[in-house]
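Colleague: Just dropping this structure here.
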Amino acid sequence: MTTDTTTSQAPARDTVLDATGVTMRFGGLTAVSDVDLTVGGGEIVGLIGPNGAGKTTFFNCLTGLYIPTEGTVSYRGKVLPHRSHLVTQAGIARTFQNIRLFPNMTVLENVLVGRHTRTKEGLVAALLRGPRFKKAERESEDRAMELLEFTGLAAKRDHIARNLPYGEQRKLEIARALASDPGLLLLDEPTAGMNPQETRATQDLVFAIRDQGTAVLVIEHDMRFIFNLCDRVAVLVQGRKLVEGTPAVVQGDERVIAAYLGTPFEGEPGEEELAEVEAAEAHSTARTEGDDTA
Ligand SMILES: Nc1ncnc2c1ncn2[C@@H]1O[C@H](COP(=O)(O)OP(=O)(O)OP(=O)(O)O)[C@@H](O)[C@H]1O
Ligand SMILES: [Mg+2]
């Protein structure tokens, strides 16, 4: 059973992403099973679940990397083709769980590659390097620099990507994804390997991205990050959507706690744990009092 509880009392906002009945089978394994998910304009939606739950596979179905066995994916009301570059062109950009940068290119060059889908100049124009090409090139570079400022990487523009610390490589992936001017950004574990300060900065960056008009769908295992950030959270377990709702609803759902969260998110001991601790303390006090050597 699926619980649907949306945050907003406001009228439904434009739907940016509409995935319906998405199923992905690999031979006998059903990695994603009949998943429906929408993302509205101005929303940050989280996708969580245990390892192997099918989260990345679902992203791959959304972005044309995989052709889903069943189901459709629409972006702003139009069914998307199963080709990554056409999905990017339509307005969906993504980052990868395993960072995929051009390691030997500079930071700026990596963002310029991401800009490619939005520039019309063809190969001939590039070879001739005429005035129109040079103007387009300047504009691309200006936009790329804006994005490096936005993500806090401007000072590193000429550094080789592979020499950046891990957290900055993740930021660079985000800058590169934003270079295609997406209406929806998909982030696959954007804070993996980050320290708490970097995670906090990434949280602020995602809010800023949303505030600039790009909806966000984010996969993460860091629950504090997810519950701070998201308007709505969907939980995948064994390929199926178990629950969807506000962070408060998801955190409190017993099925989610049993299947994934384990203990309550705040890390506060529950009544049962408190009772156990008190009993243990009482026991040890009684022993100490009766023990001369203590
Ligand atoms: N190309 C593939 N071929 C066969 N099986 C695959 C393929 N990609 C993923 N799987 C399987 O599908 C299931 C879901 O994997 P997926 O990577 O989507 O999980 P995930 O939720 O992203 O996990 P994690 O949190 O560890 O990243 C796993 O059992 C995985 O082994
Ligand atoms: Mg994954």
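Lettering and numbering for the structure tokens are positional, with chains as A, B, ... in the shown order, residues counted from 1 in each chain, and ligands counted from 1 in the shown order.
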Residues of region 32-133 of chain A that approach region 153-175 of chain A to 10 Å or less, counting only C-alpha atoms: could you list each one with the shortest pair of atoms and its distance in Å to one decimal, rows by chain and increasing residue number, as JSON lines?
Modeller:
```
{"residue": "A:Ala93", "atom": "CA", "partner": "A:Ile174", "partner_atom": "CA", "distance": 9.1}
{"residue": "A:Arg94", "atom": "CA", "partner": "A:Ile174", "partner_atom": "CA", "distance": 7.8}
{"residue": "A:Thr95", "atom": "CA", "partner": "A:Glu173", "partner_atom": "CA", "distance": 6.0}
{"residue": "A:Phe96", "atom": "CA", "partner": "A:Glu173", "partner_atom": "CA", "distance": 8.1}
{"residue": "A:Gln97", "atom": "CA", "partner": "A:Arg170", "partner_atom": "CA", "distance": 9.4}
{"residue": "A:Asn98", "atom": "CA", "partner": "A:Arg170", "partner_atom": "CA", "distance": 9.5}
{"residue": "A:Ile99", "atom": "CA", "partner": "A:Arg170", "partner_atom": "CA", "distance": 6.8}
{"residue": "A:Arg100", "atom": "CA", "partner": "A:Glu173", "partner_atom": "CA", "distance": 7.5}
{"residue": "A:Leu101", "atom": "CA", "partner": "A:Glu173", "partner_atom": "CA", "distance": 6.7}
{"residue": "A:Phe102", "atom": "CA", "partner": "A:Ala161", "partner_atom": "CA", "distance": 7.0}
{"residue": "A:Pro103", "atom": "CA", "partner": "A:Arg162", "partner_atom": "CA", "distance": 4.6}
{"residue": "A:Asn104", "atom": "CA", "partner": "A:Ile160", "partner_atom": "CA", "distance": 5.9}
{"residue": "A:Met105", "atom": "CA", "partner": "A:Ile160", "partner_atom": "CA", "distance": 5.6}
{"residue": "A:Thr106", "atom": "CA", "partner": "A:Ile160", "partner_atom": "CA", "distance": 4.2}
{"residue": "A:Val107", "atom": "CA", "partner": "A:Arg157", "partner_atom": "CA", "distance": 5.0}
{"residue": "A:Leu108", "atom": "CA", "partner": "A:Arg157", "partner_atom": "CA", "distance": 4.9}
{"residue": "A:Glu109", "atom": "CA", "partner": "A:Arg157", "partner_atom": "CA", "distance": 8.3}
{"residue": "A:Asn110", "atom": "CA", "partner": "A:Ala161", "partner_atom": "CA", "distance": 7.8}
{"residue": "A:Val111", "atom": "CA", "partner": "A:Ala175", "partner_atom": "CA", "distance": 6.4}
{"residue": "A:Leu112", "atom": "CA", "partner": "A:Ala175", "partner_atom": "CA", "distance": 9.8}
{"residue": "A:Gly114", "atom": "CA", "partner": "A:Ala175", "partner_atom": "CA", "distance": 8.4}
{"residue": "A:Arg115", "atom": "CA", "partner": "A:Ala175", "partner_atom": "CA", "distance": 10.0}
```
Colleague: Show me which residues are within 10 Å of ligand 1 counting only C-alpha atoms and all ligand atoms, and format the list as a PyMOL selection string.
Modeller: chain A and resi 24-32+47-61+66+97-98+188-189+219-221+236-239
Colleague: Compile the contact shell of Pro196 (chain A) as a PDB file with C-alpha atoms, in the first residue's frame: residues with an atom at most 12 Å away, counting only C-alpha atoms, same-chain residues fewer than 6 positions apart removed.
Modeller:
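Below is the file that was written, out.pdb:
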```pdb
ATOM      1  CA  GLY A 167      33.727  17.237  -2.480  1.00  0.00           C
ATOM      2  CA  THR A 202      25.538  21.236  -0.649  1.00  0.00           C
ATOM      3  CA  GLN A 203      22.221  21.573   1.136  1.00  0.00           C
ATOM      4  CA  ASP A 222      22.136  10.918   4.628  1.00  0.00           C
ATOM      5  CA  ARG A 224      19.385  14.491   8.014  1.00  0.00           C
ATOM      6  CA  PHE A 225      20.223  16.013   4.613  1.00  0.00           C
TER       7      PHE A 225
END
```
Colleague: Select from region 62-288 of chain A everything DSSP, run on the backbone, classes as helix (DSSP H, G or I), then give the selection as a count of residues only.
Modeller: 121
Colleague: With DSSP run on the backbone, what are the strand (DSSP E or B) residues within region 161-221 of chain A? I'd like them as a short mmCIF file (atom, residue, chain, number, x, y, z; two decimals) with N, CA and C atoms, in the first residue's frame.
Modeller:
```cif
data_model
loop_
_atom_site.label_atom_id
_atom_site.label_comp_id
_atom_site.auth_asym_id
_atom_site.auth_seq_id
_atom_site.Cartn_x
_atom_site.Cartn_y
_atom_site.Cartn_z
N LEU A 184 14.76 20.40 -14.49
CA LEU A 184 14.79 19.37 -13.43
C LEU A 184 16.22 18.83 -13.32
N LEU A 185 16.71 18.81 -12.09
CA LEU A 185 18.05 18.28 -11.84
C LEU A 185 17.93 17.03 -10.98
N LEU A 186 18.55 15.95 -11.43
CA LEU A 186 18.56 14.69 -10.66
C LEU A 186 19.94 14.52 -10.03
N LEU A 187 19.96 14.35 -8.72
CA LEU A 187 21.24 14.21 -8.02
C LEU A 187 21.30 12.82 -7.40
N ASP A 188 22.32 12.04 -7.77
CA ASP A 188 22.45 10.69 -7.21
C ASP A 188 23.56 10.69 -6.16
N ALA A 215 13.60 22.43 -10.52
CA ALA A 215 13.12 21.42 -9.57
C ALA A 215 14.22 20.38 -9.37
N VAL A 216 14.19 19.71 -8.21
CA VAL A 216 15.28 18.78 -7.89
C VAL A 216 14.70 17.45 -7.39
N LEU A 217 15.26 16.36 -7.91
CA LEU A 217 14.96 15.02 -7.39
C LEU A 217 16.29 14.45 -6.91
N VAL A 218 16.36 14.09 -5.63
CA VAL A 218 17.66 13.74 -5.06
C VAL A 218 17.62 12.41 -4.33
N ILE A 219 18.62 11.56 -4.65
CA ILE A 219 18.84 10.30 -3.94
C ILE A 219 19.91 10.56 -2.89
#
```
Colleague: Please, what distance in Å, to one decimal, runs between CA of Glu244 (chain A) and CA of Val35 (chain A)?
Modeller: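 Those two atoms sit 11.1 Å apart.
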